>>> print(open('entry_7.cif').read())   # mmCIF, C-alpha atoms
data_entry
#
loop_
_atom_site.label_atom_id
_atom_site.label_comp_id
_atom_site.auth_asym_id
_atom_site.auth_seq_id
_atom_site.Cartn_x
_atom_site.Cartn_y
_atom_site.Cartn_z
CA MET A 308 -3.47 -32.91 5.60
CA SER A 309 -1.86 -30.64 8.17
CA SER A 310 1.76 -29.58 7.86
CA ILE A 311 2.06 -27.26 10.85
CA GLY A 312 5.01 -28.08 13.11
CA THR A 313 6.47 -30.71 10.80
CA GLY A 314 9.44 -28.66 9.55
CA TYR A 315 7.99 -27.40 6.28
CA ASP A 316 8.22 -23.81 7.50
CA LEU A 317 12.00 -23.85 8.07
CA SER A 318 12.91 -22.80 4.53
CA VAL A 319 11.33 -20.53 1.98
CA ASN A 320 12.02 -22.96 -0.87
CA THR A 321 10.20 -25.94 0.69
CA TYR A 322 6.61 -26.79 -0.18
CA SER A 323 4.37 -28.48 2.35
CA PRO A 324 2.29 -31.52 1.26
CA ASP A 325 -0.63 -29.07 1.00
CA GLY A 326 1.27 -27.05 -1.60
CA LYS A 327 1.93 -24.10 0.71
CA VAL A 328 5.07 -22.07 1.31
CA PHE A 329 4.69 -21.23 4.99
CA GLN A 330 7.36 -18.53 5.04
CA VAL A 331 5.32 -16.53 2.53
CA ASP A 332 2.20 -16.99 4.69
CA TYR A 333 4.12 -15.75 7.73
CA ALA A 334 5.29 -12.70 5.78
CA GLN A 335 1.67 -11.97 4.87
CA LYS A 336 0.82 -12.07 8.59
CA ALA A 337 3.22 -9.17 9.12
CA VAL A 338 1.18 -7.18 6.59
CA ASP A 339 -2.17 -8.27 8.04
CA ASN A 340 -1.11 -7.09 11.52
CA SER A 341 0.06 -3.64 10.41
CA GLY A 342 -1.89 -0.40 10.13
CA THR A 343 -4.52 -0.17 7.42
CA VAL A 344 -3.40 0.90 3.92
CA VAL A 345 -6.07 2.06 1.46
CA GLY A 346 -5.92 2.92 -2.25
CA LEU A 347 -8.67 4.33 -4.50
CA ARG A 348 -8.57 4.89 -8.25
CA CYS A 349 -10.89 7.81 -8.91
CA LYS A 350 -11.95 9.29 -12.25
CA ASP A 351 -9.13 11.85 -12.29
CA GLY A 352 -6.34 10.06 -10.38
CA VAL A 353 -5.37 7.81 -7.48
CA VAL A 354 -5.44 8.44 -3.71
CA LEU A 355 -3.38 6.47 -1.18
CA GLY A 356 -3.83 6.54 2.59
CA VAL A 357 -2.03 4.87 5.49
CA GLU A 358 -2.87 4.43 9.16
CA LYS A 359 0.64 4.79 10.57
CA LEU A 360 0.60 3.61 14.17
CA VAL A 361 2.62 5.84 16.52
CA ILE A 362 4.75 3.65 18.76
CA SER A 363 5.93 6.48 21.04
CA LYS A 364 4.73 9.93 22.04
CA MET A 365 8.32 11.14 21.63
CA LEU A 366 8.37 10.52 17.89
CA VAL A 367 8.60 13.59 15.67
CA GLU A 368 5.52 13.92 13.45
CA GLY A 369 6.22 12.76 9.91
CA SER A 370 8.93 10.27 10.90
CA ASN A 371 9.23 6.94 9.11
CA ARG A 372 6.84 7.70 6.27
CA ARG A 373 4.84 4.90 4.66
CA ILE A 374 3.93 6.82 1.48
CA SER A 375 6.77 7.70 -0.89
CA PRO A 376 7.20 8.94 -4.47
CA VAL A 377 9.26 6.68 -6.73
CA ASP A 378 9.10 8.89 -9.84
CA LEU A 379 7.30 12.05 -10.89
CA HIS A 380 4.36 9.99 -12.16
CA ALA A 381 4.32 7.20 -9.57
CA GLY A 382 4.32 6.56 -5.84
CA VAL A 383 3.80 3.74 -3.35
CA ALA A 384 2.23 3.08 0.03
CA THR A 385 3.52 0.16 2.09
CA GLY A 386 2.04 -1.89 4.92
CA GLY A 387 3.94 -4.38 7.08
CA LEU A 388 7.55 -4.14 8.21
CA ALA A 389 8.79 -0.57 7.70
CA PRO A 390 12.44 -1.47 6.88
CA ASP A 391 11.23 -3.93 4.23
CA GLY A 392 9.04 -1.18 2.83
CA ARG A 393 12.04 1.11 2.44
CA GLN A 394 13.83 -1.54 0.40
CA ILE A 395 10.82 -1.91 -1.91
CA VAL A 396 10.70 1.87 -2.37
CA ASN A 397 14.42 1.98 -3.19
CA ARG A 398 14.03 -0.84 -5.69
CA ALA A 399 11.07 0.86 -7.37
CA ARG A 400 13.09 4.08 -7.67
CA ASP A 401 16.01 2.18 -9.20
CA GLU A 402 13.72 0.49 -11.72
CA ALA A 403 12.14 3.82 -12.70
CA ALA A 404 15.56 5.48 -13.11
CA ASN A 405 17.03 2.56 -15.09
CA TYR A 406 14.07 2.49 -17.48
CA LYS A 407 14.33 6.22 -18.11
CA ASN A 408 18.09 6.03 -18.72
CA PHE A 409 17.69 3.14 -21.17
CA TYR A 410 14.51 4.12 -23.04
CA GLY A 411 14.52 7.89 -22.55
CA SER A 412 10.94 8.01 -21.22
CA ALA A 413 9.11 7.49 -17.95
CA ILE A 414 8.40 3.89 -17.00
CA PRO A 415 4.76 2.82 -17.58
CA GLY A 416 2.83 1.91 -14.45
CA LYS A 417 2.28 -1.69 -15.56
CA VAL A 418 5.98 -2.24 -16.26
CA LEU A 419 6.97 -0.74 -12.91
CA CYS A 420 4.44 -2.99 -11.16
CA ASP A 421 5.73 -6.09 -12.96
CA ARG A 422 9.34 -5.32 -12.08
CA VAL A 423 8.66 -4.65 -8.40
CA ALA A 424 6.47 -7.76 -8.21
CA THR A 425 9.20 -9.87 -9.84
CA TYR A 426 11.77 -8.53 -7.37
CA THR A 427 9.43 -9.36 -4.47
CA HIS A 428 8.88 -12.86 -5.84
CA LEU A 429 12.61 -13.55 -6.05
CA PHE A 430 12.78 -13.51 -2.26
CA SER A 431 10.51 -16.55 -2.09
CA LEU A 432 12.76 -18.71 -4.28
CA TYR A 433 16.08 -19.09 -2.46
CA TRP A 434 16.81 -20.68 0.89
CA TYR A 435 19.29 -17.99 1.99
CA VAL A 436 16.75 -15.12 1.91
CA ARG A 437 13.36 -14.51 3.47
CA PRO A 438 10.23 -13.01 1.85
CA TYR A 439 9.59 -9.31 2.26
CA GLY A 440 7.01 -8.73 4.97
CA VAL A 441 5.41 -5.87 3.11
CA GLY A 442 2.32 -5.29 0.99
CA THR A 443 2.67 -2.53 -1.60
CA LEU A 444 0.11 -0.26 -3.26
CA LEU A 445 1.46 1.40 -6.41
CA ALA A 446 -0.21 4.49 -7.89
CA ALA A 447 0.76 5.68 -11.37
CA TYR A 448 -0.51 8.08 -14.03
CA ASP A 449 0.72 7.59 -17.60
CA ASN A 450 -0.69 7.42 -21.14
CA GLU A 451 -3.21 4.81 -20.00
CA GLY A 452 -4.53 7.17 -17.34
CA PRO A 453 -4.55 6.66 -13.55
CA GLN A 454 -3.72 3.16 -12.32
CA LEU A 455 -3.67 1.41 -8.95
CA TYR A 456 -1.79 -1.86 -8.37
CA GLY A 457 -1.45 -4.08 -5.30
CA ILE A 458 1.63 -6.28 -4.82
CA GLU A 459 1.48 -9.02 -2.19
CA THR A 460 4.30 -10.70 -0.25
CA SER A 461 4.34 -13.66 -2.67
CA GLY A 462 5.06 -11.35 -5.61
CA ILE A 463 1.61 -11.66 -7.14
CA ALA A 464 0.20 -8.35 -8.39
CA TYR A 465 -3.28 -7.15 -9.33
CA ARG A 466 -4.71 -3.98 -10.82
CA TYR A 467 -7.53 -2.52 -8.73
CA PHE A 468 -10.22 0.13 -8.66
CA GLY A 469 -9.82 0.12 -4.89
CA THR A 470 -8.25 -2.14 -2.27
CA ALA A 471 -6.76 -2.29 1.22
CA PHE A 472 -4.09 -4.07 3.27
CA GLY A 473 -3.57 -4.33 7.02
CA LYS A 474 -5.64 -4.89 10.15
CA GLY A 475 -8.75 -3.16 8.89
CA ARG A 476 -8.66 -4.57 5.35
CA GLN A 477 -12.01 -6.40 5.55
CA LEU A 478 -13.98 -3.40 6.79
CA ALA A 479 -12.09 -1.11 4.41
CA LYS A 480 -12.88 -3.30 1.39
CA THR A 481 -16.55 -3.39 2.37
CA GLU A 482 -16.64 0.42 2.52
CA ILE A 483 -14.72 0.74 -0.78
CA GLU A 484 -17.26 -1.46 -2.57
CA ARG A 485 -20.00 1.02 -1.62
CA LEU A 486 -18.23 3.94 -3.33
CA LYS A 487 -18.97 5.09 -6.88
CA LEU A 488 -15.32 5.43 -7.81
CA SER A 489 -15.94 6.12 -11.51
CA GLU A 490 -17.83 9.29 -10.52
CA MET A 491 -15.56 10.37 -7.66
CA THR A 492 -12.88 13.05 -7.91
CA CYS A 493 -9.62 12.73 -6.00
CA ARG A 494 -10.73 15.52 -3.65
CA GLU A 495 -13.72 13.39 -2.74
CA GLY A 496 -11.45 10.32 -2.66
CA VAL A 497 -9.23 11.93 -0.03
CA ASN A 498 -12.27 12.42 2.22
CA ALA A 499 -13.38 8.83 1.61
CA VAL A 500 -9.94 7.37 2.41
CA ALA A 501 -9.65 9.41 5.62
CA LYS A 502 -13.14 8.31 6.70
CA ILE A 503 -12.40 4.64 5.97
CA ILE A 504 -9.14 4.66 7.92
CA TYR A 505 -10.77 6.33 10.93
CA GLN A 506 -13.57 3.75 10.82
CA CYS A 507 -11.03 0.91 10.76
CA HIS A 508 -9.00 2.24 13.67
CA ASP A 509 -9.89 0.71 17.04
CA ASP A 510 -9.08 3.19 19.81
CA ALA A 511 -9.55 0.50 22.47
CA LYS A 512 -7.00 -1.92 21.00
CA ASP A 513 -4.68 0.13 18.79
CA LYS A 514 -2.18 2.86 19.59
CA ALA A 515 -2.56 6.43 18.42
CA PHE A 516 -1.97 6.86 14.72
CA GLU A 517 -0.91 9.41 12.16
CA LEU A 518 -2.88 9.64 8.92
CA GLU A 519 -0.73 9.79 5.78
CA LEU A 520 -2.28 10.78 2.46
CA GLY A 521 -0.78 10.93 -1.01
CA TRP A 522 -2.24 11.38 -4.48
CA ILE A 523 -1.52 11.65 -8.17
CA CYS A 524 -4.21 13.38 -10.19
CA ASP A 525 -5.05 16.21 -12.58
CA GLU A 526 -5.03 18.65 -9.65
CA SER A 527 -1.40 17.67 -8.84
CA ASN A 528 -0.43 18.01 -12.54
CA LYS A 529 -0.19 14.22 -12.80
CA LYS A 530 2.70 14.20 -10.31
CA PHE A 531 2.75 12.06 -7.18
CA THR A 532 2.79 14.26 -4.09
CA ARG A 533 1.57 14.36 -0.55
CA VAL A 534 -1.95 15.72 -0.26
CA PRO A 535 -1.79 19.50 0.48
CA GLU A 536 -1.99 20.29 4.17
CA ASP A 537 -5.27 22.21 3.95
CA VAL A 538 -6.97 19.37 2.07
CA HIS A 539 -5.45 16.83 4.48
CA LYS A 540 -6.68 18.66 7.58
CA ALA A 541 -10.16 19.20 6.12
CA ALA A 542 -10.46 15.49 5.26
CA GLU A 543 -9.26 14.45 8.71
CA ALA A 544 -11.69 16.82 10.44
CA ALA A 545 -14.57 15.53 8.30
CA ALA A 546 -13.62 11.92 9.10
CA LYS A 547 -13.55 12.62 12.86
CA ALA A 548 -16.91 14.40 12.67
CA ALA A 549 -18.48 11.51 10.73
CA LEU A 550 -17.13 9.02 13.26
CA GLU A 551 -18.59 11.02 16.17
CA ASP A 552 -21.96 11.21 14.42
CA ASP A 553 -21.95 7.42 13.94
CA GLU A 554 -21.17 6.91 17.63
CA ASP A 555 -24.00 9.27 18.66
CA ASP A 556 -26.44 7.30 16.53
#
>>> encode(input="entry_7.cif", output="structure tokens")
Amino acid sequence: MSSIGTGYDLSVNTYSPDGKVFQVDYAQKAVDNSGTVVGLRCKDGVVLGVEKLVISKMLVEGSNRRISPVDLHAGVATGGLAPDGRQIVNRARDEAANYKNFYGSAIPGKVLCDRVATYTHLFSLYWYVRPYGVGTLLAAYDNEGPQLYGIETSGIAYRYFGTAFGKGRQLAKTEIERLKLSEMTCREGVNAVAKIIYQCHDDAKDKAFELELGWICDESNKKFTRVPEDVHKAAEAAAKAALEDDEDD
């Protein structure tokens, strides 16, 4: 039974006869059409990478970041609508601060994921709001070790060894499945993420992009930070060289 064009997509709190909520599907399209977002959980931490498409040559480098810390031990990468992503980051920071004020300790990664996912889900329940058009990767490092979570536009959340959102998600997931993540350090993970994002980028169709990289690992003292500039540049250079070698072959 088809429900397209019959009015079931006019409100977020209306199910179609097929059991779909079309507004949530449309929000997911915003994520699927954005730059590729990749996350890897390595043996000593988590690496996040984003293909941030540059919409104008006049933009200052580093503007409108897609990777942000939300606490000392946690950070997120967002794909989809950038303003929606900022709201998710702000909410995650509020949840982390409220938990610490109430319990006196840092919020566990699983609890932070559940709270952000619940907040995302709330925007698919009421007719006077719209779903967030953003997919979120959450990296955390607590007593359970390094953790990577993915939160979709519907509010559903999963814990991953590695995953991807955005235009190049299918190719990225294929490449991630080939990696031996349990044996990989975050230094090696940074190189892998950079290589995957460069492979997913289509120079013929897509605009120029800026590679963003963040990590939380033993090397960063279990604090979420941007990848150091020297490591970032080395990974980007290696990714470009690997891509040129593939083209030559």
>>> atom_distance(input="entry_7.cif", atom1="atom CA of A:Asn405", atom2="atom CA of A:Val418")
12.1 Å
>>> residues_near_point(input="entry_7.cif", point="(4.4, -16.8, -4.3)", cutoff="8 Å", atoms="only C-alpha atoms", output="list in words")
Val328, Val331, His428, Ser431, Thr460, Ser461, Gly462 and Ile463 of chain A
>>> atom_distance(input="entry_7.cif", atom1="atom CA of A:Val338", atom2="atom CA of A:Gly416")
23.0 Å
>>> resolve_selection(input="entry_7.cif", expression="the PyMOL selection byres ((chain A and resi 384-395) around 7)", output="ChimeraX atom specification")
/A:337-338,341-342,344,355,373-375,383,396-399,439-445,472-473
>>> closest_residue(input="entry_7.cif", among="A:Gln477, A:Gln506, A:Thr470, A:Gln454", to="A:Cys524", atoms="only C-alpha atoms")
A:Gln454
>>> atom_distance(input="entry_7.cif", atom1="atom CA of A:Leu317", atom2="atom CA of A:Gln335")
16.1 Å
>>> closest_atom_pairs(input="entry_7.cif", of="stretch 328-356 of chain A", to="stretch 528-536 of chain A", cutoff="12 Å", atoms="only C-alpha atoms", output="tab-separated table")
residue	atom	partner	partner_atom	distance
A:Asp351	CA	A:Lys529	CA	9.3
A:Gly352	CA	A:Lys529	CA	7.8
A:Val353	CA	A:Phe531	CA	9.2
A:Val354	CA	A:Val534	CA	8.8
A:Leu355	CA	A:Arg533	CA	9.3
A:Gly356	CA	A:Val534	CA	9.8
>>> write_last_selection(input="entry_7.cif", atoms="C-alpha atoms", output="compact mmCIF listing (two decimals), in the frame of the given file")
# COMPACT_ATOMS: atom_id res chain seq x y z
CA ASP A 351 -9.13 11.85 -12.29
CA GLY A 352 -6.34 10.06 -10.38
CA VAL A 353 -5.37 7.81 -7.48
CA VAL A 354 -5.44 8.44 -3.71
CA LEU A 355 -3.38 6.47 -1.18
CA GLY A 356 -3.83 6.54 2.59
>>> axis_aligned_box(input="entry_7.cif", around="stretch 471-487 of chain A", padding_each_side="3 Å", output="JSON")
{"center_x": -11.8, "center_y": -0.7, "center_z": 1.6, "size_x": 22.4, "size_y": 17.5, "size_z": 23.0}
>>> resolve_selection(input="entry_7.cif", expression="the PyMOL selection byres ((chain A and resi 490-502) around 8)", output="PyMOL selection string")
chain A and resi 345-347+349-356+487-489+503-506+518+520+522+524+538-539+542-543+545-547+549-550
>>> closest_residue(input="entry_7.cif", among="A:Lys474, A:Gly314, A:Asp553, A:Asp525", to="A:Lys336", atoms="all atoms listed in the file")
A:Lys474
>>> resolve_selection(input="entry_7.cif", expression="the PyMOL selection byres ((chain A and resi 378) around 10)", output="PyMOL selection string")
chain A and resi 375-377+379-383+399-404+413-414+447+530-531
>>> closest_residue(input="entry_7.cif", among="A:Ala515, A:Ala544, A:Ala446, A:Ala479", to="A:Arg348", atoms="all atoms listed in the file")
A:Ala446
>>> closest_residue(input="entry_7.cif", among="A:Asp332, A:Gly469, A:Gly369, A:Ile483", to="A:Gly457", atoms="only C-alpha atoms")
A:Gly469
>>> closest_residue(input="entry_7.cif", among="A:Glu517, A:Asp339, A:Glu482, A:Glu358", to="A:Glu459", atoms="only C-alpha atoms")
A:Asp339
>>> closest_residue(input="entry_7.cif", among="A:Gly521, A:Pro415, A:Gly475, A:Pro438", to="A:Asn340", atoms="all atoms listed in the file")
A:Gly475
>>> decode(input="entry_7.cif", residues="stretch 395-420 of chain A", atoms="N, CA, C and O atoms", output="mmCIF file, in the first residue's frame")
data_model
loop_
_atom_site.group_PDB
_atom_site.id
_atom_site.type_symbol
_atom_site.label_atom_id
_atom_site.label_comp_id
_atom_site.auth_asym_id
_atom_site.auth_seq_id
_atom_site.Cartn_x
_atom_site.Cartn_y
_atom_site.Cartn_z
ATOM 1 N N ILE A 395 21.700 19.811 19.258
ATOM 2 C CA ILE A 395 22.005 18.515 19.865
ATOM 3 C C ILE A 395 23.249 18.623 20.744
ATOM 4 O O ILE A 395 23.303 18.060 21.851
ATOM 5 N N VAL A 396 24.266 19.329 20.268
ATOM 6 C CA VAL A 396 25.483 19.526 21.061
ATOM 7 C C VAL A 396 25.161 20.268 22.358
ATOM 8 O O VAL A 396 25.611 19.873 23.449
ATOM 9 N N ASN A 397 24.364 21.337 22.263
ATOM 10 C CA ASN A 397 23.999 22.098 23.459
ATOM 11 C C ASN A 397 23.239 21.240 24.455
ATOM 12 O O ASN A 397 23.448 21.323 25.673
ATOM 13 N N ARG A 398 22.322 20.396 23.929
ATOM 14 C CA ARG A 398 21.554 19.531 24.819
ATOM 15 C C ARG A 398 22.466 18.501 25.499
ATOM 16 O O ARG A 398 22.318 18.225 26.706
ATOM 17 N N ALA A 399 23.389 17.934 24.747
ATOM 18 C CA ALA A 399 24.316 16.960 25.326
ATOM 19 C C ALA A 399 25.165 17.607 26.419
ATOM 20 O O ALA A 399 25.416 16.997 27.472
ATOM 21 N N ARG A 400 25.599 18.837 26.195
ATOM 22 C CA ARG A 400 26.384 19.543 27.217
ATOM 23 C C ARG A 400 25.553 19.808 28.462
ATOM 24 O O ARG A 400 26.045 19.668 29.600
ATOM 25 N N ASP A 401 24.299 20.190 28.274
ATOM 26 C CA ASP A 401 23.405 20.415 29.423
ATOM 27 C C ASP A 401 23.200 19.131 30.216
ATOM 28 O O ASP A 401 23.220 19.150 31.456
ATOM 29 N N GLU A 402 22.992 18.022 29.519
ATOM 30 C CA GLU A 402 22.779 16.743 30.197
ATOM 31 C C GLU A 402 24.023 16.339 30.981
ATOM 32 O O GLU A 402 23.924 15.843 32.117
ATOM 33 N N ALA A 403 25.196 16.538 30.397
ATOM 34 C CA ALA A 403 26.442 16.189 31.085
ATOM 35 C C ALA A 403 26.635 17.058 32.331
ATOM 36 O O ALA A 403 27.023 16.557 33.400
ATOM 37 N N ALA A 404 26.344 18.359 32.206
ATOM 38 C CA ALA A 404 26.510 19.264 33.345
ATOM 39 C C ALA A 404 25.491 18.968 34.444
ATOM 40 O O ALA A 404 25.834 18.961 35.643
ATOM 41 N N ASN A 405 24.246 18.694 34.063
ATOM 42 C CA ASN A 405 23.204 18.400 35.061
ATOM 43 C C ASN A 405 23.517 17.119 35.834
ATOM 44 O O ASN A 405 23.314 17.043 37.049
ATOM 45 N N TYR A 406 23.992 16.111 35.123
ATOM 46 C CA TYR A 406 24.337 14.849 35.786
ATOM 47 C C TYR A 406 25.462 15.066 36.793
ATOM 48 O O TYR A 406 25.411 14.551 37.921
ATOM 49 N N LYS A 407 26.469 15.825 36.390
ATOM 50 C CA LYS A 407 27.607 16.058 37.290
ATOM 51 C C LYS A 407 27.193 16.870 38.507
ATOM 52 O O LYS A 407 27.642 16.608 39.635
ATOM 53 N N ASN A 408 26.319 17.862 38.327
ATOM 54 C CA ASN A 408 25.847 18.658 39.454
ATOM 55 C C ASN A 408 25.022 17.828 40.434
ATOM 56 O O ASN A 408 25.089 18.026 41.650
ATOM 57 N N PHE A 409 24.245 16.872 39.909
ATOM 58 C CA PHE A 409 23.341 16.088 40.746
ATOM 59 C C PHE A 409 24.056 14.915 41.422
ATOM 60 O O PHE A 409 23.864 14.658 42.612
ATOM 61 N N TYR A 410 24.893 14.207 40.649
ATOM 62 C CA TYR A 410 25.530 12.993 41.169
ATOM 63 C C TYR A 410 26.982 13.203 41.607
ATOM 64 O O TYR A 410 27.552 12.337 42.277
ATOM 65 N N GLY A 411 27.585 14.295 41.186
ATOM 66 C CA GLY A 411 28.959 14.575 41.592
ATOM 67 C C GLY A 411 30.013 13.806 40.813
ATOM 68 O O GLY A 411 31.177 13.760 41.219
ATOM 69 N N SER A 412 29.628 13.191 39.698
ATOM 70 C CA SER A 412 30.586 12.459 38.866
ATOM 71 C C SER A 412 30.233 12.655 37.398
ATOM 72 O O SER A 412 29.124 13.088 37.068
ATOM 73 N N ALA A 413 31.167 12.303 36.535
ATOM 74 C CA ALA A 413 30.943 12.468 35.096
ATOM 75 C C ALA A 413 29.877 11.494 34.618
ATOM 76 O O ALA A 413 29.774 10.362 35.101
ATOM 77 N N ILE A 414 29.082 11.924 33.668
ATOM 78 C CA ILE A 414 27.996 11.105 33.151
ATOM 79 C C ILE A 414 28.559 9.927 32.346
ATOM 80 O O ILE A 414 29.441 10.105 31.503
ATOM 81 N N PRO A 415 28.088 8.698 32.599
ATOM 82 C CA PRO A 415 28.543 7.555 31.785
ATOM 83 C C PRO A 415 28.107 7.717 30.330
ATOM 84 O O PRO A 415 27.079 8.328 30.033
ATOM 85 N N GLY A 416 28.890 7.143 29.425
ATOM 86 C CA GLY A 416 28.589 7.278 28.003
ATOM 87 C C GLY A 416 27.213 6.740 27.648
ATOM 88 O O GLY A 416 26.485 7.357 26.863
ATOM 89 N N LYS A 417 26.824 5.604 28.225
ATOM 90 C CA LYS A 417 25.530 5.013 27.907
ATOM 91 C C LYS A 417 24.383 5.911 28.356
ATOM 92 O O LYS A 417 23.384 6.075 27.649
ATOM 93 N N VAL A 418 24.515 6.512 29.531
ATOM 94 C CA VAL A 418 23.466 7.390 30.051
ATOM 95 C C VAL A 418 23.351 8.635 29.177
ATOM 96 O O VAL A 418 22.243 9.086 28.849
ATOM 97 N N LEU A 419 24.482 9.203 28.790
ATOM 98 C CA LEU A 419 24.468 10.385 27.928
ATOM 99 C C LEU A 419 23.812 10.053 26.593
ATOM 100 O O LEU A 419 22.991 10.831 26.084
ATOM 101 N N CYS A 420 24.140 8.897 26.039
ATOM 102 C CA CYS A 420 23.527 8.466 24.776
ATOM 103 C C CYS A 420 22.016 8.334 24.937
ATOM 104 O O CYS A 420 21.251 8.820 24.097
#
